[in-house]
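**Student:** Can you read through this structure? Questions will come right after.
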Amino acid sequence: MTVKISSQMRAGATVIALEGEINSTTSGGLQAQLLQLIGHGSFVLIDLAGVSYLSSAGLRTLLIVYRHAQQMDAEITLVGLSKEVSFVMSATGFLDFFTIGEDLAAELERAGL
Amino acid sequence: MSTPDIRERIDAFPTHRIGPYRVRAGRPFPYGATPVPGGVNFSVYSDGATTMSLALFERGAAQPSAELEFPPEFRIGSVYAMTVFGLDPENLEYGFRADGPFDPERGDRFDAGKVLSDPYARLISGREIWGREPDRDDVYPYRAQVLNDDFDWAGDRPLRIPAEDLVIYETHVRGFTRHPSSRVTAPGTYAGLREKIPYLRELGINCVELLPVFEFDELDNPRTDPVSGERLYNYWGYNTVSFFAPKAGYAATGPFGMQADEFKSLVKEVHKAGIEVVLDVVFNHTAEGNEQGPTISFRGLDNATYYMLTPRGEYYNFSGTGNTVNCNHPVVRDFVLSCLRHWVAEYHIDGFRFDLAAILDRAPDGTPLPNPPLLEQLAYDPVLRHTKLIAEAWDAAGLYQVGNFPDYGRWSEWNGKYRDTVRRFVKGEPGLVGELATRMAGSPDLYQGRTSSASVNFITAHDGFTLADLVSYNDKHNEANGENNNDGADDNHSWNCGEEGPSASRDVRELRLRQMKNLLTILLTSQGVPMLLAGDEVGRTQLGNNNTYCQDNELSWFDWGLLAANADLLRFTRALTAFRHAHPVLRTRDHPTGQDRVGSGYPDVSWHGVRAWAPDWADHCRVLAMMRCGRHAKGGSVADDHVYVAVNAHWEAHDMELPALPEGERWHLFADTGGILHPAGTEPELQHPGRYRLGAHSVVVLVGRASHQTTA
């Protein structure tokens, strides 16, 4: 089981698309890779549209990355949450800690990028 | 600039190898499984075991992938501790295998054939989907898992609402939203309950008391419904499997192992609404039952420590369920204390209601102790210092301690005498005027020298009739429970108002509604802490079943359609809670004395009958009025109105002479259970300032304050 990461710069924003399952097996490597992609003061969109399942460890990884980003004055917005992922995050309280966007296009537009 | 990572530890490296696993001697504390750098620390206590092994399962696997025997040098005292490196906690289930003597007469019941669940497990898998039939041949049915207790509370703390200001609402996590009419995203779960917080707020309660949420097995009931043949459940959950783990089947995210986060999230959101969370906890017995019961955990680790045993090694049964936890054994005390600390520190729980708490003051041989060490310890514990401790002050073996449960100035009690007196008076029994007065004043006869919040007042609770059934049935109707109607209490003090069960008669239905309002009004204007049973505010019925412990169906579930069907009763209940919150005189900490302690010209409480200042205490009398002087509110420290509550349990109306108020003040009408309601603050002035005609079977509540010239 792997999680696929692809990133691209779009007019000043780092857009990171994740694909697969984020669980304890995949989250360790994911955390290191995500942190490398986040620079000081950067604007980051993490697209979860390709993520079918976020386990407890997966949610924790995302939140840890999010908190590291806050320390670096970087801004992370999550987009593309499936209904199920969104429900799990809501039921467990994780949703409250993130900035959630509707979808990628809308967020890029909103940021004027 | 870089700083060294302070999370790195010099003991984060293995020293031994057992098979493919790298390990080192662990730390005895805390007990259970704790994530540590590089691995997981496991610690378990057993005094009598000859060998102890750690069984490791891949999540869901039929057999353990490994069993690691604790090397002798990993043992300190009788505690076995080992750190295992390189485990993936998310995909791990673990248990213990303890070998030792099987010698029941000496109290030992070791069974090396069993994988034992960790008594300190923070997370349990095996029953994560409510009601799903498990594999009955599973070698390890209730599987311990590792939890990362790193929930972000974002500043939340237990609320510390003064006990006397509470209005408690007793409910069941599943039953509250399981009914399709709840229209929540995940019916019957912590998340579902969270969606109903706005309803709780609007109802005006500020404390939810949840029936057991410690992991239990809803399928451990062997009975079936005699008519439908359908399975009966252990729906209430008074049969704990694992004391540190929230019930996974109550979590929408239970199948993903996220029940702890989901429950914590519920507590956090409930707190945001200004509502406390009290848990109903069952320390009097465990799910292991008697000699024929399953060996789950304690029995195989240290039977004689955890259970009260007869001199012949049989289980004492003070709980009525097969075994009795040996609560005052020093090791068990430590277990109970750790457990409660865990729920307060990790889950921000505000209080506990102890099921059959009288058992908690029994010595290992069953004798009641005058100074039970467990109760004292809980009362003085630093972590529990502000936690509400509520005792169900009796047990199933005849120990009845309402009014004399050892309290250390901290414990309060479910006041069973309040329940019985109010029920009997309102149904019209004679000879109870004096006792009703005592109960409405906070039962100072029972709780002298204690604050009035020592008394948790209630008319109904999960155990017994609902409010609607209390006024609709003379007798219990428990046939669906499969015990020929022999289960459940017989002393219900109920009155069906003329017809047993549902009635087409308008008169009967109106009387029932009035009786429900009478009972609620008395409850919410009495001194002490009122507790409502969920659904009573909308007239929830169980069709006369007064013991629905096994009914996971519409008999037990909260039907949200009742909000519209019984809107009048709901409006009335909301107005009553608002009235109580608006009137601190009803929530004064100390018992009223009948004296004027602030120089207002009125005693803090005074009693009246049909004639003012002349209560009739005679046996045949069924009328009583109570006046609370607002100048005495909270010991005279805050200003309040006068409050007058008149109860007429007689089948005839009475003209009540009202006590005169100070110059410039008039009586205003808040509620008459005969059909009048003016929300707190909007009460109109009475037309006749000195009289009120109180209908048959009715209660009226008046407030005395400065006149504003609107009249009713």
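We name chains A, B, ... following the order of the structure tokens; residues begin at 1 in each chain, and ligands are numbered from 1 as shown.
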Counting only C-alpha atoms, what are the residues of chain A within 8 Å of chain B, and for each of them which pair of atoms is the nearest and at what distance in Å, to one decimal? Sort the table by chain and rising number, as a tab-separated table.

**Tutor:**
```
residue	atom	partner	partner_atom	distance
A:Ser24	CA	B:Glu90	CA	6.2
A:Thr25	CA	B:Asp88	CA	7.7
A:Ser55	CA	B:Phe256	CA	6.6
A:Ser56	CA	B:Met258	CA	6.3
A:Ala57	CA	B:Glu90	CA	7.1
A:Val88	CA	B:Thr253	CA	6.4
A:Ala91	CA	B:Ala191	CA	5.4
A:Thr92	CA	B:Glu262	CA	4.1
A:Gly93	CA	B:Ser265	CA	5.2
```

**Student:** Find the residues near range 137-146 of chain B: any atom within 8 Å, counting only C-alpha atoms, skip ones fewer than 4 places away on the same chain, and give them as a list in words.

**Tutor:**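 Contacts, in chain order: Ala33, Thr34, Pro35, Ala62, Gln63, Pro89, Glu90, Leu92, Glu93, Tyr94, Gly95, Lys114, Val115, Leu116, Ser117, Asp118, Ala121, Arg122, Leu123, Ile124, Ser125, Gly126, Arg127, Val241 and Ile296 of chain B.
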
**Student:** So that I can see what lies close to Ala49 in chain B, please list as number ranges by chain the residues with an atom at most 8 Å from it, counting only C-alpha atoms and leaving out residues fewer than 6 positions away in the same chain.

**Tutor:** B: 98-101, 110, 301-302

**Student:** Where does DSSP see strand (DSSP E) in range 166-260 of chain B, if you list the residues as a ChimeraX atom specification?

**Tutor:** /B:168-171,207-210,214-216,240-246

**Student:** With N, CA and C atoms kept, could you save the residues just selected as a PDB file, in the first residue's frame?

**Tutor:**
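The result, written out as selection.pdb:
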```pdb
ATOM      1  N   ILE B 168     -29.570  17.853  35.441  1.00  0.00           N
ATOM      2  CA  ILE B 168     -28.983  16.675  34.789  1.00  0.00           C
ATOM      3  C   ILE B 168     -30.001  16.046  33.841  1.00  0.00           C
ATOM      4  N   TYR B 169     -29.501  15.506  32.763  1.00  0.00           N
ATOM      5  CA  TYR B 169     -30.336  14.845  31.748  1.00  0.00           C
ATOM      6  C   TYR B 169     -29.731  13.473  31.498  1.00  0.00           C
ATOM      7  N   GLU B 170     -30.431  12.428  31.910  1.00  0.00           N
ATOM      8  CA  GLU B 170     -29.879  11.081  31.789  1.00  0.00           C
ATOM      9  C   GLU B 170     -30.249  10.490  30.435  1.00  0.00           C
ATOM     10  N   THR B 171     -29.249  10.075  29.678  1.00  0.00           N
ATOM     11  CA  THR B 171     -29.555   9.513  28.369  1.00  0.00           C
ATOM     12  C   THR B 171     -28.592   8.405  27.982  1.00  0.00           C
ATOM     13  N   CYS B 207     -26.123  19.415  32.051  1.00  0.00           N
ATOM     14  CA  CYS B 207     -25.318  18.228  32.357  1.00  0.00           C
ATOM     15  C   CYS B 207     -25.974  17.010  31.712  1.00  0.00           C
ATOM     16  N   VAL B 208     -25.211  16.295  30.887  1.00  0.00           N
ATOM     17  CA  VAL B 208     -25.748  15.022  30.382  1.00  0.00           C
ATOM     18  C   VAL B 208     -25.090  13.886  31.138  1.00  0.00           C
ATOM     19  N   GLU B 209     -25.916  12.974  31.586  1.00  0.00           N
ATOM     20  CA  GLU B 209     -25.391  11.779  32.264  1.00  0.00           C
ATOM     21  C   GLU B 209     -25.605  10.608  31.324  1.00  0.00           C
ATOM     22  N   LEU B 210     -24.498  10.003  30.909  1.00  0.00           N
ATOM     23  CA  LEU B 210     -24.574   8.947  29.908  1.00  0.00           C
ATOM     24  C   LEU B 210     -24.583   7.578  30.562  1.00  0.00           C
ATOM     25  N   PHE B 214     -18.211   2.596  28.906  1.00  0.00           N
ATOM     26  CA  PHE B 214     -17.021   1.744  28.913  1.00  0.00           C
ATOM     27  C   PHE B 214     -17.352   0.521  28.051  1.00  0.00           C
ATOM     28  N   GLU B 215     -16.355   0.014  27.345  1.00  0.00           N
ATOM     29  CA  GLU B 215     -16.604  -1.090  26.413  1.00  0.00           C
ATOM     30  C   GLU B 215     -17.341  -2.233  27.101  1.00  0.00           C
ATOM     31  N   PHE B 216     -18.450  -2.627  26.484  1.00  0.00           N
ATOM     32  CA  PHE B 216     -19.201  -3.780  26.971  1.00  0.00           C
ATOM     33  C   PHE B 216     -19.645  -4.577  25.754  1.00  0.00           C
ATOM     34  N   THR B 240     -19.378  -4.303  32.282  1.00  0.00           N
ATOM     35  CA  THR B 240     -18.169  -3.772  31.663  1.00  0.00           C
ATOM     36  C   THR B 240     -17.189  -4.862  31.262  1.00  0.00           C
ATOM     37  N   VAL B 241     -16.694  -4.741  30.039  1.00  0.00           N
ATOM     38  CA  VAL B 241     -15.631  -5.604  29.538  1.00  0.00           C
ATOM     39  C   VAL B 241     -14.283  -4.928  29.761  1.00  0.00           C
ATOM     40  N   SER B 242     -14.224  -3.632  29.514  1.00  0.00           N
ATOM     41  CA  SER B 242     -12.943  -2.936  29.577  1.00  0.00           C
ATOM     42  C   SER B 242     -13.150  -1.503  30.091  1.00  0.00           C
ATOM     43  N   PHE B 243     -12.513  -1.198  31.198  1.00  0.00           N
ATOM     44  CA  PHE B 243     -12.869   0.014  31.950  1.00  0.00           C
ATOM     45  C   PHE B 243     -12.206   1.291  31.450  1.00  0.00           C
ATOM     46  N   PHE B 244     -11.148   1.163  30.664  1.00  0.00           N
ATOM     47  CA  PHE B 244     -10.438   2.366  30.199  1.00  0.00           C
ATOM     48  C   PHE B 244     -10.794   2.706  28.749  1.00  0.00           C
ATOM     49  N   ALA B 245     -11.625   1.868  28.130  1.00  0.00           N
ATOM     50  CA  ALA B 245     -11.873   2.019  26.692  1.00  0.00           C
ATOM     51  C   ALA B 245     -13.299   2.477  26.425  1.00  0.00           C
ATOM     52  N   PRO B 246     -13.472   3.524  25.620  1.00  0.00           N
ATOM     53  CA  PRO B 246     -14.832   3.929  25.258  1.00  0.00           C
ATOM     54  C   PRO B 246     -15.463   2.899  24.318  1.00  0.00           C
TER      55      PRO B 246
END
```

**Student:** Pick out the closest residue to His342 in chain B from this set: B:Asp149, B:Leu166, B:Arg27, B:Leu532. Count only C-alpha atoms.

**Tutor:**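 The closest residue to His342 in chain B is B:Asp149.
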
**Student:** Pick out the residues sitting within 9 Å of Val433 in chain B, and hand them over as number ranges by chain; count only C-alpha atoms, and ignore anything fewer than 4 positions along from it in its own chain.

**Tutor:** B: 425, 437-438, 615-619, 621-624

**Student:** If you count only C-alpha atoms, which residues fall within 10 Å of Glu479 in chain B, apart from same-chain ones fewer than 5 positions away, as a PyMOL selection string?

**Tutor:** chain B and resi 225-227+484-487+544-545

**Student:** Mind pulling up the distance from CA of Val267 in chain B to CA of Asp381 in chain B?

**Tutor:**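 About the pair CA of Asp381 in chain B and CA of Val267 in chain B: they are 22.2 Å apart.
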
**Student:** Measuring atom to atom with only C-alpha atoms, identify which of B:Cys550, B:Val277, B:Ala468, B:Leu200 is nearest to Pro222 in chain B.

**Tutor:**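 Closest candidate: B:Cys550.
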
**Student:** Could you pull the residues within 12 Å of Thr466 in chain B, counting only C-alpha atoms, minus those fewer than 3 positions along the same chain, as an MDAnalysis selection string?

**Tutor:** chainID B and resid 170 458:463 469:473 476 492 494 516 519 532:548 555:556 558

**Student:** Write out the residues from the selection above, keeping C-alpha atoms, as a PDB file, in the first residue's frame.

**Tutor:**
```pdb
ATOM      1  CA  GLU B 170     -29.879  11.081  31.789  1.00  0.00           C
ATOM      2  CA  PHE B 458     -35.427  12.479  40.263  1.00  0.00           C
ATOM      3  CA  ILE B 459     -38.837  11.102  39.434  1.00  0.00           C
ATOM      4  CA  THR B 460     -37.714   8.709  36.718  1.00  0.00           C
ATOM      5  CA  ALA B 461     -34.444   7.208  35.551  1.00  0.00           C
ATOM      6  CA  HIS B 462     -33.435   4.632  32.958  1.00  0.00           C
ATOM      7  CA  ASP B 463     -34.320   1.939  35.496  1.00  0.00           C
ATOM      8  CA  ASP B 469     -45.676   5.347  31.582  1.00  0.00           C
ATOM      9  CA  LEU B 470     -45.731   6.347  35.241  1.00  0.00           C
ATOM     10  CA  VAL B 471     -49.055   8.080  34.582  1.00  0.00           C
ATOM     11  CA  SER B 472     -50.333   5.454  32.114  1.00  0.00           C
ATOM     12  CA  TYR B 473     -49.723   2.118  33.809  1.00  0.00           C
ATOM     13  CA  LYS B 476     -45.228  -3.136  34.704  1.00  0.00           C
ATOM     14  CA  ASN B 492     -43.487   1.727  41.029  1.00  0.00           C
ATOM     15  CA  SER B 494     -47.575   4.618  39.454  1.00  0.00           C
ATOM     16  CA  MET B 516     -46.582  14.702  34.051  1.00  0.00           C
ATOM     17  CA  LEU B 519     -44.219  15.841  38.589  1.00  0.00           C
ATOM     18  CA  LEU B 532     -34.532  14.352  34.016  1.00  0.00           C
ATOM     19  CA  LEU B 533     -34.772  11.132  32.035  1.00  0.00           C
ATOM     20  CA  ALA B 534     -34.267  11.739  28.331  1.00  0.00           C
ATOM     21  CA  GLY B 535     -37.537  11.678  26.463  1.00  0.00           C
ATOM     22  CA  ASP B 536     -39.732  12.480  29.439  1.00  0.00           C
ATOM     23  CA  GLU B 537     -39.932  16.044  28.180  1.00  0.00           C
ATOM     24  CA  VAL B 538     -41.794  14.735  25.135  1.00  0.00           C
ATOM     25  CA  GLY B 539     -43.751  11.941  26.795  1.00  0.00           C
ATOM     26  CA  ARG B 540     -41.666   8.995  25.632  1.00  0.00           C
ATOM     27  CA  THR B 541     -43.350   5.652  26.333  1.00  0.00           C
ATOM     28  CA  GLN B 542     -41.931   2.156  26.753  1.00  0.00           C
ATOM     29  CA  LEU B 543     -45.440   0.684  26.647  1.00  0.00           C
ATOM     30  CA  GLY B 544     -45.264  -0.071  30.340  1.00  0.00           C
ATOM     31  CA  ASN B 545     -41.934  -1.872  30.237  1.00  0.00           C
ATOM     32  CA  ASN B 546     -40.012  -0.693  33.289  1.00  0.00           C
ATOM     33  CA  ASN B 547     -36.799  -2.598  32.642  1.00  0.00           C
ATOM     34  CA  THR B 548     -35.743  -2.101  29.015  1.00  0.00           C
ATOM     35  CA  LEU B 555     -39.221   0.708  23.065  1.00  0.00           C
ATOM     36  CA  SER B 556     -36.005   2.359  24.196  1.00  0.00           C
ATOM     37  CA  PHE B 558     -35.885   8.443  21.579  1.00  0.00           C
TER      38      PHE B 558
END
```

**Student:** Please return as a PyMOL selection string: the residues of range 25-104 of chain A that backbone DSSP assigns to helix (DSSP H, G or I).

**Tutor:** chain A and resi 25-37+56-71+83-91+94-97+104

**Student:** Give me, as a VMD selection string, all polymer residues having an atom no more than 8 Å from Asn284 in chain B, counting only C-alpha atoms and skipping those fewer than 5 positions away in the same chain.

**Tutor:** chain B and resid 319 324 to 325 327 355 to 357 359 to 360

**Student:** Go ahead and save the picked residues with N, CA and C atoms, as a PDB file, in the first residue's frame.

**Tutor:**
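Heads up, here's the output in selection-v8.pdb:
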```pdb
ATOM      1  N   SER B 319     -23.915  -7.946  43.601  1.00  0.00           N
ATOM      2  CA  SER B 319     -24.338  -7.109  42.481  1.00  0.00           C
ATOM      3  C   SER B 319     -25.540  -7.712  41.758  1.00  0.00           C
ATOM      4  N   THR B 324     -18.593  -9.882  42.234  1.00  0.00           N
ATOM      5  CA  THR B 324     -18.529  -8.594  42.911  1.00  0.00           C
ATOM      6  C   THR B 324     -17.080  -8.138  42.917  1.00  0.00           C
ATOM      7  N   VAL B 325     -16.836  -6.959  42.405  1.00  0.00           N
ATOM      8  CA  VAL B 325     -15.468  -6.443  42.367  1.00  0.00           C
ATOM      9  C   VAL B 325     -15.001  -6.142  43.791  1.00  0.00           C
ATOM     10  N   CYS B 327     -13.591  -4.043  45.667  1.00  0.00           N
ATOM     11  CA  CYS B 327     -13.225  -2.626  45.515  1.00  0.00           C
ATOM     12  C   CYS B 327     -12.274  -2.096  46.572  1.00  0.00           C
ATOM     13  N   ASP B 355     -22.852   3.094  39.748  1.00  0.00           N
ATOM     14  CA  ASP B 355     -23.897   2.084  39.797  1.00  0.00           C
ATOM     15  C   ASP B 355     -23.716   1.200  41.034  1.00  0.00           C
ATOM     16  N   LEU B 356     -24.820   0.915  41.706  1.00  0.00           N
ATOM     17  CA  LEU B 356     -24.790   0.094  42.929  1.00  0.00           C
ATOM     18  C   LEU B 356     -23.574   0.435  43.802  1.00  0.00           C
ATOM     19  N   ALA B 357     -23.497   1.690  44.162  1.00  0.00           N
ATOM     20  CA  ALA B 357     -22.287   2.183  44.825  1.00  0.00           C
ATOM     21  C   ALA B 357     -22.106   1.636  46.232  1.00  0.00           C
ATOM     22  N   ILE B 359     -21.786  -1.184  47.079  1.00  0.00           N
ATOM     23  CA  ILE B 359     -20.763  -2.238  47.013  1.00  0.00           C
ATOM     24  C   ILE B 359     -19.367  -1.654  47.219  1.00  0.00           C
ATOM     25  N   LEU B 360     -19.205  -0.375  46.859  1.00  0.00           N
ATOM     26  CA  LEU B 360     -17.881   0.236  46.969  1.00  0.00           C
ATOM     27  C   LEU B 360     -17.463   0.439  48.426  1.00  0.00           C
TER      28      LEU B 360
END
```

**Student:** Measuring between only C-alpha atoms, which one of B:Val645, B:Ile275, B:Ala397, B:Ala696 shows the shortest distance to Pro198 in chain B?

**Tutor:** B:Ile275

**Student:** Of the candidates A:His68, A:Gly12, A:Leu54, A:Leu59, which one gets nearest to Leu34 in chain A if we count only C-alpha atoms?

**Tutor:**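 Among A:His68, A:Gly12, A:Leu54, A:Leu59, it is A:His68 that comes nearest to Leu34 in chain A.
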
**Student:** So, counting only C-alpha atoms, which residue among B:Arg299, B:Arg106, B:Arg160, B:Arg174 is closest to Asn206 in chain B?

**Tutor:**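 Smallest separation from Asn206 in chain B among the options: B:Arg160.
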